[in-house]
Amino acid sequence: MIVLFLLLCITDGVVSQIRYSVPEEAGHGTFVGNIAEDLGLDMTKIASRRFQVVPSSRTPYLEVNMENGILFINEKIDREQICKQSASCLLHLEVFLENPLELFRVEIEVVDINDNPPSFPETDITVEISESAVPGTRFPLESAFDPDVGSNALRTYDITTNNYFYLDVQTQTDGNKFAELVLEKSLDREQQASHRYVLTAVDGGQPPRTGTALLVVKVLDSNDNVPVFDQPVYSVSLQENTPAGTLVIQLNATDLDEGQNGEIVYSFSNHISSRVKDLFAIDARTGRIEVRSEVDFEESSLYQIFVQAKDLGPNAVAAHCKVLVKIMDVNDNAPDITFSTVTESVSERAAPGTVIALLSVTDKDAEENGKIHVEILGDVPFKLKPSFRNYFTIVTDGPLNRENADSYSVTVVARDTGTPSLATSKSIKVQVSDENDNAPTFTQPIYDVYVTENNVPGAYIHAVTALDPDVGQNALISYSIMECDIQGMSVKTYVSINEETGYLYALRSFDYEQLKDFTFMVQAKDAGSPELLSNATVKVIIVDQNDNPPSVIAPLGKNGTARQPLPRSAEPGYLVTRIIAMDADDGENARLSYSIQRGNENGMFRMDWRTGELRTARRVSTKRDPNQMYDLLIEVRDHGQPPLSSTASVFVVLVDSVVEDHRERGTAKSKETSLDLTLILIIALGSVSFIFLLAMIVLAVRCQKDKKLNFYTCLTSDCCLGCATCCSRHARARKKKLSKSDIMLVQSANVTGAGTAQVPVEESGSFGSHHQNQNYCYQVCLTPESAKTDLMFLKPCSPSRSTDTEHNPCGAIVTGYTDQQPDIISNGSILSSETKHQRAELSYLVDRPRRVNSSAFQEADLVSSKDSGHGDSEQGDSDHDATNRGHSTGKLSVLVLGWLRALRMLSAPVAAACL
């Protein structure tokens with residue numbers, strides 16, 4: 001019962017075709033075939049490869065078991081209902097498998113069975129024949145209709161055996177058969193007015209089935225001329241969709257009779273189909289055939305119209321002709337696009353060629369009107385790939401990036417080649433799923449974070465932000481601090497970070513004096529798979545606050561009170577002492593101002609607010625100043641906000657001679673002063689950074705090595721009139737006490753930022769009986785920063801110690817050692833031998849660069865005598881010094897500025913090493 005044959009057509013290795021046949025009227029569950037088995041598919045992989053039927057090809061009559069591939073009847077098939085009179089009745093199914101994609105076309109032919117007998121439109125058929133009809137005259141009969149096709153269709157007609165008529169069975173061009181009643185013997189109405197026969201229609205089935213009708217032949221009186229058509233067959237062409245009323249053909253038949261016997265009436269023959277009668281109409285009087293309703297090429301391309309012409313005379317005999325109407329196709333059907341399967345989303349990492357959708361395109365029109373061109377509109381990363389016949393797949397055509405486009409609207413346009421061309425478009429939405437292909441990116445590579453010292457621990461200080469263009473877990477960022485050490489401790493003891501927000505918090509209170517800045521790395525990591533990360537640098541800069549008051553380091557005295565002698569013979573502007581203070585803060589917070597708060601009610605003293613120099617404002621007068629001492633309270637104030645201050649007590653005692661006062665205090669105070677000054681210097685050195693301490697140690701080592709060389713040479717011929725002359729008088733210099741005004745410094749021609757210079761000291765009789773001028777040659781070691789310090793160590797040059805200069809490093813101002821301690825000039829006075837043990841502590845000023853409160857000319861003023869302000873040049877006055885120095889004053893200022901800069905960068909260990 002089942003005829004099975006397999007036609008396998010392979011296109012690119014992914015498509016094939018199989019065909020089955022099944023008889024109509026088969027019941028539900030009737031086995032048709034095993035698709036999977038017939039195609040040789042692996043039954044174990046059908047489920048994993050998603051064996052399925054293309055939705056657009058489904059039919060209610062057939063069903064496929066997706067588990068085993070068996071095709072069976074789901075609903076009884078009536079071939080005549082679904083295929084009408086078509087010679088071939090085919091049902092189509094498209095099935096496919098994925099991974100890889102394989103498409104199979106299944107054709108099921110519905111085989112006709114002889115389940116319908118032929119039938120006549122009427123059970124009684126009446127034919128009127130004039131008695132004058134001659135033998136051989138033909139009379140078309142009503143055709144029987146058999147819905148079966150092929151061998152089961154109508155095969156022939158039979159009529160009851162008689163002597164007057166026989167049947168001539170004709171076959172039309174479309175294969176249909178009809179019968180004509182042929183007159184075999186002339187009729188005689190007078191003998192027999194009517195004849196009754198049984199007309200039988202027989203089909204070709206096995207066994208054959210029949211249908212019958214009663215044929216009644218009425219014999220009419222004679223009308224001996226019949227109408228005649230111009231030609232038996234007419235052929236016309238008609239475009240589809242022609243509007244109603246359009247002329248198809250104008251028929252013309254003639255009759256030689258006159259009157260009513262010659263008046264012709266046109267009509268359709270009885271055996272034409274009802275569909276032809278619905279589509280066309282004929283005018284009975286004119287023979288004009290017109291379109292009655294819209295004809296469709298897709299329904300039928302050819303129609304046969306049978307027309308008869310009969311006169312109005314008695315016993316009229318009809319004439320017949322055939323009109324063949326060929327329908328010409330018009331491009332009236334746009335292509336149809338059907339998506340069979342669509343992928344909802346595709347990964348942005350999908351390789352080119354990944355299948356997104358499967359679609360089919362059809363057009364009901366024919367020839368050029370049915371040829372289709374398919375394309376994808378727009379600039380999208382997809383393309384069409386032909387699959388099988390009218391099937392196409394949409395595949396990726398290049399890399400996808402969700403960050404640029406998270407979805408695409410793919411529009412497919414199908415356009416035929418007709419005139420005018422018709423097009424159809426359909427769109428699908430394709431989502432691009434995210435992959436973790438973007439690492440978090442910080443908004444800036446380096447963050448500068450300013451934090452004021454003494455901050456509250458746990459306070460928020462800044463926020464770092466990283467961005468990730470991915471979505472979902474791939475864009476979920478967590479922050480962390482990368483491990484590193486700051487001053488020997490983990491960075492995580494200094495700062496912390498909120499993993500979710502990137503907020504930074506200080507875990508401790510910062511001290512600018514201990515830590516000025518530190519740097520660490522922050523890492524941002526997403527939660528994708530695999531994890532992606534990036535780093536940024538955070539530099540925390542500690543901002544100074546005014547949290548340290550000034551500290552007075554000189555002069556120091558017992559119980560916080562410094563005792564300073566004042567000669568009764570001191571002139572106005574005499575330098576009593578200099579207040580030296582330091583401040584651990586920086587910038588404006590460390591810029592200091594000095595003032596007298598108490599004890600100067602009579603205006604005896606004046607204080608330089610910038611340098612801290614305490615000088616006499618006038619001469620000492622016994623009448624005006626009966627007191628032998630002055631108790632001064634000096635205030636040192638910084639410029640911070642708010643300002644901080646500290647005080648120092650200076651006890652100024654009137655003495656007859658500064659030298660005598662020094663001798664009186666002598667050895668008793670030297671140890672105490674040295675001890676106190678050393679303690680202060682140790683505290684000051686504690687604030688110096690570790691790197692700077694190493695530099696000082698290197699300088700100290702170099703100074704120690706240079707001193708061993710004990711080499712001396714004069715830098716210029718102008719130093720002291722020759723080294724031999726200079727150094728021959730050094731013995732007398734040991735017995736000579738020098739005042740500040742006795743010193744004259746002359747810059748050598750080759751003095752640089754770092755080098756040595758010889759300083760001649762001109763002797764004057766300010767404090768002794770020796771008034772003749774004697775030149776002393778001193779060696780000075782300078783550094784590039786020598787202009788920033790007030791430190792001086794002076795020593796007469798000795799020929800026996802001339803090689804010591806080779807061990808002197810550039811970076812300290814020192815002299816070579818002799819057998820006798822050198823005299824040190826400080827504050828305009830000569831230190832006696834009793835105070836020589838204190839020279840290292842009292843001969844330099846500790847002053848950081850940030851504590852410089854005055855310009856270079858103020859610092860230069862420290863190593864030269866100050867003008868009394870009177871305008872007269874007196875002994876011990878700066879005016880007197882100027883006359884002794886002459887034009888070398890300008891060079892001296894440059895040299896002293898170099899000393900001040902150098903000695904600010906040094907500390908006690910370096911100075912001691914150079915000494």
# chains A, B, ... in the order shown; residues from 1 in each chain; ligands from 1

$ residues_around --residues "Arg155 (chain A)" --least-positions-apart "4" --cutoff "9 Å" --atoms "only C-alpha atoms" --output "PyMOL selection string"
chain A and resi 151+176-177+201-205

$ residues_around --residues "Asp585 (chain A)" --least-positions-apart "5" --cutoff "10 Å" --atoms "only C-alpha atoms" --output "list in words"
Tyr512, Glu513, Asp544, Gln545, Asn546, Asp547, Asn548, Pro549, Pro550, Ala590, Arg591, Asp638, Gly640, Arg850 and Arg851 of chain A

$ select_by_dssp --residues "region 53-226 of chain A" --states "helix (DSSP H, G or I)" --output "list in words"
Pro55, Ser56, Ser57, Arg79, Glu80, Gln81, Ile82, Cys83, Gly150, Ser151 and Asn152 of chain A

$ write_last_selection --atoms "N, CA and C atoms" --output "PDB file, in the first residue's frame"
ATOM      1  N   PRO A  55       8.610  25.192  11.243  1.00  0.00           N
ATOM      2  CA  PRO A  55       7.209  25.540  11.556  1.00  0.00           C
ATOM      3  C   PRO A  55       6.381  25.922  10.333  1.00  0.00           C
ATOM      4  N   SER A  56       7.003  26.619   9.392  1.00  0.00           N
ATOM      5  CA  SER A  56       6.221  27.104   8.260  1.00  0.00           C
ATOM      6  C   SER A  56       5.748  25.968   7.347  1.00  0.00           C
ATOM      7  N   SER A  57       6.356  24.781   7.473  1.00  0.00           N
ATOM      8  CA  SER A  57       5.983  23.675   6.590  1.00  0.00           C
ATOM      9  C   SER A  57       5.054  22.665   7.254  1.00  0.00           C
ATOM     10  N   ARG A  79      -7.944  13.747  -0.758  1.00  0.00           N
ATOM     11  CA  ARG A  79      -7.166  14.336  -1.838  1.00  0.00           C
ATOM     12  C   ARG A  79      -7.971  15.345  -2.624  1.00  0.00           C
ATOM     13  N   GLU A  80      -9.246  15.059  -2.868  1.00  0.00           N
ATOM     14  CA  GLU A  80     -10.069  15.951  -3.663  1.00  0.00           C
ATOM     15  C   GLU A  80     -10.292  17.292  -2.958  1.00  0.00           C
ATOM     16  N   GLN A  81     -10.163  17.281  -1.640  1.00  0.00           N
ATOM     17  CA  GLN A  81     -10.383  18.520  -0.904  1.00  0.00           C
ATOM     18  C   GLN A  81      -9.147  19.414  -0.933  1.00  0.00           C
ATOM     19  N   ILE A  82      -7.964  18.804  -0.830  1.00  0.00           N
ATOM     20  CA  ILE A  82      -6.773  19.625  -0.722  1.00  0.00           C
ATOM     21  C   ILE A  82      -6.105  19.887  -2.061  1.00  0.00           C
ATOM     22  N   CYS A  83      -6.342  19.030  -3.074  1.00  0.00           N
ATOM     23  CA  CYS A  83      -5.643  19.200  -4.342  1.00  0.00           C
ATOM     24  C   CYS A  83      -6.588  19.386  -5.524  1.00  0.00           C
ATOM     25  N   GLY A 150      -6.310  10.808 -12.608  1.00  0.00           N
ATOM     26  CA  GLY A 150      -5.515   9.697 -13.121  1.00  0.00           C
ATOM     27  C   GLY A 150      -6.391   8.594 -13.675  1.00  0.00           C
ATOM     28  N   SER A 151      -5.999   7.391 -13.334  1.00  0.00           N
ATOM     29  CA  SER A 151      -6.758   6.243 -13.834  1.00  0.00           C
ATOM     30  C   SER A 151      -8.131   6.144 -13.191  1.00  0.00           C
ATOM     31  N   ASN A 152      -8.330   6.807 -12.070  1.00  0.00           N
ATOM     32  CA  ASN A 152      -9.635   6.765 -11.404  1.00  0.00           C
ATOM     33  C   ASN A 152     -10.573   7.845 -11.912  1.00  0.00           C
TER      34      ASN A 152
END

$ closest_residue --among "A:Val653, A:Ala309, A:Val295, A:Leu358" --to "Val95 (chain A)" --atoms "only C-alpha atoms"
A:Leu358

$ atom_distance --atom1 "CA of Arg598 (chain A)" --atom2 "CA of Ala584 (chain A)"
26.1 Å

$ select_by_dssp --residues "region 354-492 of chain A" --states "strand (DSSP E)" --output "ChimeraX atom specification"
/A:355-362,372-376,382-388,391-396,407-416,423-433,441-442,446-452,460-463,466-467,477-481,485-486,489-490

$ closest_atom_pairs --of "region 132-186 of chain A" --to "region 259-282 of chain A" --cutoff "10 Å" --atoms "only C-alpha atoms" --output "JSON lines"
{"residue": "A:Pro140", "atom": "CA", "partner": "A:His271", "partner_atom": "CA", "distance": 8.0}
{"residue": "A:Leu141", "atom": "CA", "partner": "A:His271", "partner_atom": "CA", "distance": 7.1}
{"residue": "A:Glu142", "atom": "CA", "partner": "A:His271", "partner_atom": "CA", "distance": 5.0}
{"residue": "A:Ser143", "atom": "CA", "partner": "A:His271", "partner_atom": "CA", "distance": 5.2}
{"residue": "A:Ala144", "atom": "CA", "partner": "A:His271", "partner_atom": "CA", "distance": 8.3}
{"residue": "A:Phe145", "atom": "CA", "partner": "A:Ser273", "partner_atom": "CA", "distance": 9.6}
{"residue": "A:Phe178", "atom": "CA", "partner": "A:His271", "partner_atom": "CA", "distance": 7.8}
{"residue": "A:Ala179", "atom": "CA", "partner": "A:His271", "partner_atom": "CA", "distance": 9.6}

$ write_last_selection --atoms "all heavy atoms" --output "PDB file, in the first residue's frame"
ATOM      1  N   PRO A 140     -23.620  17.971 -28.373  1.00  0.00           N
ATOM      2  CA  PRO A 140     -22.862  17.809 -27.116  1.00  0.00           C
ATOM      3  C   PRO A 140     -23.803  17.568 -25.954  1.00  0.00           C
ATOM      4  O   PRO A 140     -24.872  18.179 -25.853  1.00  0.00           O
ATOM      5  CB  PRO A 140     -22.124  19.142 -26.959  1.00  0.00           C
ATOM      6  CG  PRO A 140     -22.091  19.730 -28.322  1.00  0.00           C
ATOM      7  CD  PRO A 140     -23.379  19.295 -28.991  1.00  0.00           C
ATOM      8  N   LEU A 141     -23.364  16.686 -25.073  1.00  0.00           N
ATOM      9  CA  LEU A 141     -24.158  16.336 -23.905  1.00  0.00           C
ATOM     10  C   LEU A 141     -23.513  16.908 -22.630  1.00  0.00           C
ATOM     11  O   LEU A 141     -22.319  17.247 -22.590  1.00  0.00           O
ATOM     12  CB  LEU A 141     -24.271  14.808 -23.795  1.00  0.00           C
ATOM     13  CG  LEU A 141     -24.925  14.085 -24.967  1.00  0.00           C
ATOM     14  CD1 LEU A 141     -24.915  12.575 -24.725  1.00  0.00           C
ATOM     15  CD2 LEU A 141     -26.354  14.580 -25.187  1.00  0.00           C
ATOM     16  N   GLU A 142     -24.321  17.022 -21.613  1.00  0.00           N
ATOM     17  CA  GLU A 142     -23.798  17.451 -20.321  1.00  0.00           C
ATOM     18  C   GLU A 142     -22.693  16.490 -19.877  1.00  0.00           C
ATOM     19  O   GLU A 142     -22.872  15.266 -19.905  1.00  0.00           O
ATOM     20  CB  GLU A 142     -24.905  17.462 -19.277  1.00  0.00           C
ATOM     21  CG  GLU A 142     -25.921  18.585 -19.453  1.00  0.00           C
ATOM     22  CD  GLU A 142     -25.480  19.889 -18.828  1.00  0.00           C
ATOM     23  OE1 GLU A 142     -24.408  19.906 -18.172  1.00  0.00           O
ATOM     24  OE2 GLU A 142     -26.156  20.878 -18.973  1.00  0.00           O
ATOM     25  N   SER A 143     -21.570  17.057 -19.443  1.00  0.00           N
ATOM     26  CA  SER A 143     -20.447  16.214 -19.012  1.00  0.00           C
ATOM     27  C   SER A 143     -20.661  15.767 -17.575  1.00  0.00           C
ATOM     28  O   SER A 143     -21.201  16.492 -16.715  1.00  0.00           O
ATOM     29  CB  SER A 143     -19.123  16.986 -19.086  1.00  0.00           C
ATOM     30  OG  SER A 143     -18.833  17.296 -20.420  1.00  0.00           O
ATOM     31  N   ALA A 144     -20.213  14.586 -17.335  1.00  0.00           N
ATOM     32  CA  ALA A 144     -20.207  14.078 -15.953  1.00  0.00           C
ATOM     33  C   ALA A 144     -18.916  14.550 -15.264  1.00  0.00           C
ATOM     34  O   ALA A 144     -17.887  14.803 -15.904  1.00  0.00           O
ATOM     35  CB  ALA A 144     -20.303  12.574 -15.944  1.00  0.00           C
ATOM     36  N   PHE A 145     -18.952  14.642 -13.951  1.00  0.00           N
ATOM     37  CA  PHE A 145     -17.789  15.111 -13.184  1.00  0.00           C
ATOM     38  C   PHE A 145     -17.342  14.020 -12.230  1.00  0.00           C
ATOM     39  O   PHE A 145     -18.142  13.473 -11.476  1.00  0.00           O
ATOM     40  CB  PHE A 145     -18.130  16.376 -12.401  1.00  0.00           C
ATOM     41  CG  PHE A 145     -17.022  16.848 -11.512  1.00  0.00           C
ATOM     42  CD1 PHE A 145     -15.901  17.428 -12.075  1.00  0.00           C
ATOM     43  CD2 PHE A 145     -17.082  16.667 -10.142  1.00  0.00           C
ATOM     44  CE1 PHE A 145     -14.868  17.851 -11.269  1.00  0.00           C
ATOM     45  CE2 PHE A 145     -16.050  17.083  -9.346  1.00  0.00           C
ATOM     46  CZ  PHE A 145     -14.933  17.688  -9.896  1.00  0.00           C
ATOM     47  N   PHE A 178     -15.624  14.488 -22.641  1.00  0.00           N
ATOM     48  CA  PHE A 178     -17.060  14.767 -22.752  1.00  0.00           C
ATOM     49  C   PHE A 178     -17.609  13.981 -23.963  1.00  0.00           C
ATOM     50  O   PHE A 178     -16.866  13.579 -24.852  1.00  0.00           O
ATOM     51  CB  PHE A 178     -17.333  16.265 -22.926  1.00  0.00           C
ATOM     52  CG  PHE A 178     -16.813  16.841 -24.200  1.00  0.00           C
ATOM     53  CD1 PHE A 178     -17.622  16.943 -25.319  1.00  0.00           C
ATOM     54  CD2 PHE A 178     -15.498  17.292 -24.316  1.00  0.00           C
ATOM     55  CE1 PHE A 178     -17.158  17.483 -26.493  1.00  0.00           C
ATOM     56  CE2 PHE A 178     -15.040  17.825 -25.500  1.00  0.00           C
ATOM     57  CZ  PHE A 178     -15.861  17.921 -26.588  1.00  0.00           C
ATOM     58  N   ALA A 179     -18.931  13.804 -23.901  1.00  0.00           N
ATOM     59  CA  ALA A 179     -19.586  12.951 -24.941  1.00  0.00           C
ATOM     60  C   ALA A 179     -20.452  13.800 -25.878  1.00  0.00           C
ATOM     61  O   ALA A 179     -21.084  14.766 -25.447  1.00  0.00           O
ATOM     62  CB  ALA A 179     -20.451  11.883 -24.289  1.00  0.00           C
TER      63      ALA A 179
END

$ residues_around --residues "Glu299 (chain A)" --least-positions-apart "3" --cutoff "10 Å" --atoms "only C-alpha atoms" --output "PyMOL selection string"
chain A and resi 240+295-296+302+327+364

$ write_last_selection --atoms "C-alpha atoms" --output "compact mmCIF listing (two decimals), in the first residue's frame"
# COMPACT_ATOMS: atom_id res chain seq x y z
CA GLU A 240 -4.54 38.64 -14.92
CA VAL A 295 -8.91 36.36 -13.09
CA ASP A 296 -5.77 35.16 -11.34
CA LEU A 302 -5.64 28.72 -19.27
CA ILE A 327 -3.94 34.24 -18.82
CA LYS A 364 3.67 33.09 -6.43

$ closest_residue --among "A:Asp38, A:Thr396, A:Asp148, A:Gln172" --to "Cys89 (chain A)" --atoms "only C-alpha atoms"
A:Asp148

$ residues_around --residues "Ser496 (chain A)" --least-positions-apart "5" --cutoff "12 Å" --atoms "only C-alpha atoms" --output "PDB file with N, CA, C and O atoms, in the first residue's frame"
ATOM      1  N   PRO A 457      41.669  60.015  62.586  1.00  0.00           N
ATOM      2  CA  PRO A 457      41.767  58.645  62.044  1.00  0.00           C
ATOM      3  C   PRO A 457      40.393  58.125  61.624  1.00  0.00           C
ATOM      4  O   PRO A 457      39.403  58.319  62.319  1.00  0.00           O
ATOM      5  N   GLY A 458      40.383  57.481  60.457  1.00  0.00           N
ATOM      6  CA  GLY A 458      39.132  56.938  59.933  1.00  0.00           C
ATOM      7  C   GLY A 458      38.375  57.916  59.055  1.00  0.00           C
ATOM      8  O   GLY A 458      37.306  57.582  58.545  1.00  0.00           O
ATOM      9  N   ALA A 459      38.906  59.111  58.845  1.00  0.00           N
ATOM     10  CA  ALA A 459      38.198  60.113  58.055  1.00  0.00           C
ATOM     11  C   ALA A 459      38.355  59.827  56.558  1.00  0.00           C
ATOM     12  O   ALA A 459      39.369  59.291  56.117  1.00  0.00           O
ATOM     13  N   TYR A 460      37.330  60.200  55.806  1.00  0.00           N
ATOM     14  CA  TYR A 460      37.367  60.076  54.344  1.00  0.00           C
ATOM     15  C   TYR A 460      38.354  61.097  53.788  1.00  0.00           C
ATOM     16  O   TYR A 460      38.370  62.266  54.211  1.00  0.00           O
ATOM     17  N   ILE A 461      39.200  60.663  52.832  1.00  0.00           N
ATOM     18  CA  ILE A 461      40.182  61.587  52.272  1.00  0.00           C
ATOM     19  C   ILE A 461      40.032  61.763  50.765  1.00  0.00           C
ATOM     20  O   ILE A 461      40.360  62.822  50.241  1.00  0.00           O
ATOM     21  N   HIS A 462      39.544  60.765  50.074  1.00  0.00           N
ATOM     22  CA  HIS A 462      39.414  60.891  48.621  1.00  0.00           C
ATOM     23  C   HIS A 462      38.624  59.692  48.093  1.00  0.00           C
ATOM     24  O   HIS A 462      38.303  58.772  48.861  1.00  0.00           O
ATOM     25  N   ALA A 463      38.358  59.720  46.805  1.00  0.00           N
ATOM     26  CA  ALA A 463      37.668  58.596  46.146  1.00  0.00           C
ATOM     27  C   ALA A 463      38.314  58.346  44.800  1.00  0.00           C
ATOM     28  O   ALA A 463      38.594  59.292  44.055  1.00  0.00           O
ATOM     29  N   TYR A 479      37.436  47.292  44.610  1.00  0.00           N
ATOM     30  CA  TYR A 479      38.682  48.037  44.756  1.00  0.00           C
ATOM     31  C   TYR A 479      39.508  47.431  45.896  1.00  0.00           C
ATOM     32  O   TYR A 479      38.967  46.937  46.892  1.00  0.00           O
ATOM     33  N   SER A 480      40.820  47.516  45.757  1.00  0.00           N
ATOM     34  CA  SER A 480      41.715  47.055  46.803  1.00  0.00           C
ATOM     35  C   SER A 480      43.015  47.836  46.714  1.00  0.00           C
ATOM     36  O   SER A 480      43.340  48.428  45.673  1.00  0.00           O
ATOM     37  N   ILE A 481      43.737  47.820  47.830  1.00  0.00           N
ATOM     38  CA  ILE A 481      45.035  48.484  47.900  1.00  0.00           C
ATOM     39  C   ILE A 481      46.108  47.413  47.776  1.00  0.00           C
ATOM     40  O   ILE A 481      46.085  46.408  48.477  1.00  0.00           O
ATOM     41  N   MET A 482      47.060  47.643  46.886  1.00  0.00           N
ATOM     42  CA  MET A 482      48.140  46.694  46.685  1.00  0.00           C
ATOM     43  C   MET A 482      49.164  46.859  47.809  1.00  0.00           C
ATOM     44  O   MET A 482      49.502  47.973  48.210  1.00  0.00           O
ATOM     45  N   GLU A 483      49.629  45.726  48.284  1.00  0.00           N
ATOM     46  CA  GLU A 483      50.515  45.723  49.444  1.00  0.00           C
ATOM     47  C   GLU A 483      51.842  46.398  49.105  1.00  0.00           C
ATOM     48  O   GLU A 483      52.436  46.169  48.057  1.00  0.00           O
ATOM     49  N   SER A 490      53.146  48.284  56.750  1.00  0.00           N
ATOM     50  CA  SER A 490      52.236  48.023  55.629  1.00  0.00           C
ATOM     51  C   SER A 490      51.401  49.257  55.332  1.00  0.00           C
ATOM     52  O   SER A 490      50.975  49.970  56.247  1.00  0.00           O
ATOM     53  N   VAL A 491      51.185  49.482  54.031  1.00  0.00           N
ATOM     54  CA  VAL A 491      50.363  50.624  53.641  1.00  0.00           C
ATOM     55  C   VAL A 491      48.946  50.508  54.179  1.00  0.00           C
ATOM     56  O   VAL A 491      48.248  51.506  54.377  1.00  0.00           O
ATOM     57  N   THR A 501      32.859  51.196  46.715  1.00  0.00           N
ATOM     58  CA  THR A 501      32.761  52.588  46.256  1.00  0.00           C
ATOM     59  C   THR A 501      34.084  53.193  45.862  1.00  0.00           C
ATOM     60  O   THR A 501      34.116  54.191  45.147  1.00  0.00           O
ATOM     61  N   GLY A 502      35.219  52.623  46.320  1.00  0.00           N
ATOM     62  CA  GLY A 502      36.513  53.222  46.033  1.00  0.00           C
ATOM     63  C   GLY A 502      36.860  54.385  46.938  1.00  0.00           C
ATOM     64  O   GLY A 502      37.821  55.109  46.661  1.00  0.00           O
ATOM     65  N   TYR A 503      36.086  54.573  48.035  1.00  0.00           N
ATOM     66  CA  TYR A 503      36.387  55.662  48.960  1.00  0.00           C
ATOM     67  C   TYR A 503      37.622  55.302  49.789  1.00  0.00           C
ATOM     68  O   TYR A 503      37.728  54.192  50.311  1.00  0.00           O
ATOM     69  N   LEU A 504      38.544  56.258  49.910  1.00  0.00           N
ATOM     70  CA  LEU A 504      39.764  56.078  50.679  1.00  0.00           C
ATOM     71  C   LEU A 504      39.610  56.717  52.049  1.00  0.00           C
ATOM     72  O   LEU A 504      39.070  57.832  52.168  1.00  0.00           O
ATOM     73  N   TYR A 505      40.111  56.034  53.083  1.00  0.00           N
ATOM     74  CA  TYR A 505      40.028  56.534  54.453  1.00  0.00           C
ATOM     75  C   TYR A 505      41.416  56.470  55.088  1.00  0.00           C
ATOM     76  O   TYR A 505      42.186  55.523  54.853  1.00  0.00           O
ATOM     77  N   ALA A 506      41.735  57.480  55.888  1.00  0.00           N
ATOM     78  CA  ALA A 506      42.990  57.503  56.634  1.00  0.00           C
ATOM     79  C   ALA A 506      42.812  56.709  57.920  1.00  0.00           C
ATOM     80  O   ALA A 506      41.859  56.936  58.672  1.00  0.00           O
ATOM     81  N   LEU A 507      43.723  55.779  58.172  1.00  0.00           N
ATOM     82  CA  LEU A 507      43.624  54.929  59.355  1.00  0.00           C
ATOM     83  C   LEU A 507      44.404  55.488  60.539  1.00  0.00           C
ATOM     84  O   LEU A 507      44.323  54.944  61.635  1.00  0.00           O
ATOM     85  N   ARG A 508      45.174  56.539  60.301  1.00  0.00           N
ATOM     86  CA  ARG A 508      45.931  57.128  61.391  1.00  0.00           C
ATOM     87  C   ARG A 508      46.030  58.629  61.176  1.00  0.00           C
ATOM     88  O   ARG A 508      45.713  59.132  60.105  1.00  0.00           O
ATOM     89  N   PHE A 520      51.034  54.782  46.931  1.00  0.00           N
ATOM     90  CA  PHE A 520      50.642  53.374  46.886  1.00  0.00           C
ATOM     91  C   PHE A 520      49.783  53.138  45.645  1.00  0.00           C
ATOM     92  O   PHE A 520      49.392  54.091  44.963  1.00  0.00           O
ATOM     93  N   MET A 521      49.543  51.880  45.355  1.00  0.00           N
ATOM     94  CA  MET A 521      48.780  51.497  44.169  1.00  0.00           C
ATOM     95  C   MET A 521      47.402  50.990  44.583  1.00  0.00           C
ATOM     96  O   MET A 521      47.258  50.278  45.582  1.00  0.00           O
ATOM     97  N   VAL A 522      46.405  51.381  43.792  1.00  0.00           N
ATOM     98  CA  VAL A 522      45.033  50.914  43.978  1.00  0.00           C
ATOM     99  C   VAL A 522      44.670  50.044  42.773  1.00  0.00           C
ATOM    100  O   VAL A 522      44.966  50.391  41.629  1.00  0.00           O
TER     101      VAL A 522
END

$ atom_distance --atom1 "CA of Val134 (chain A)" --atom2 "CA of Gln231 (chain A)"
21.3 Å

$ atom_distance --atom1 "CA of Ala562 (chain A)" --atom2 "CA of Tyr594 (chain A)"
16.2 Å
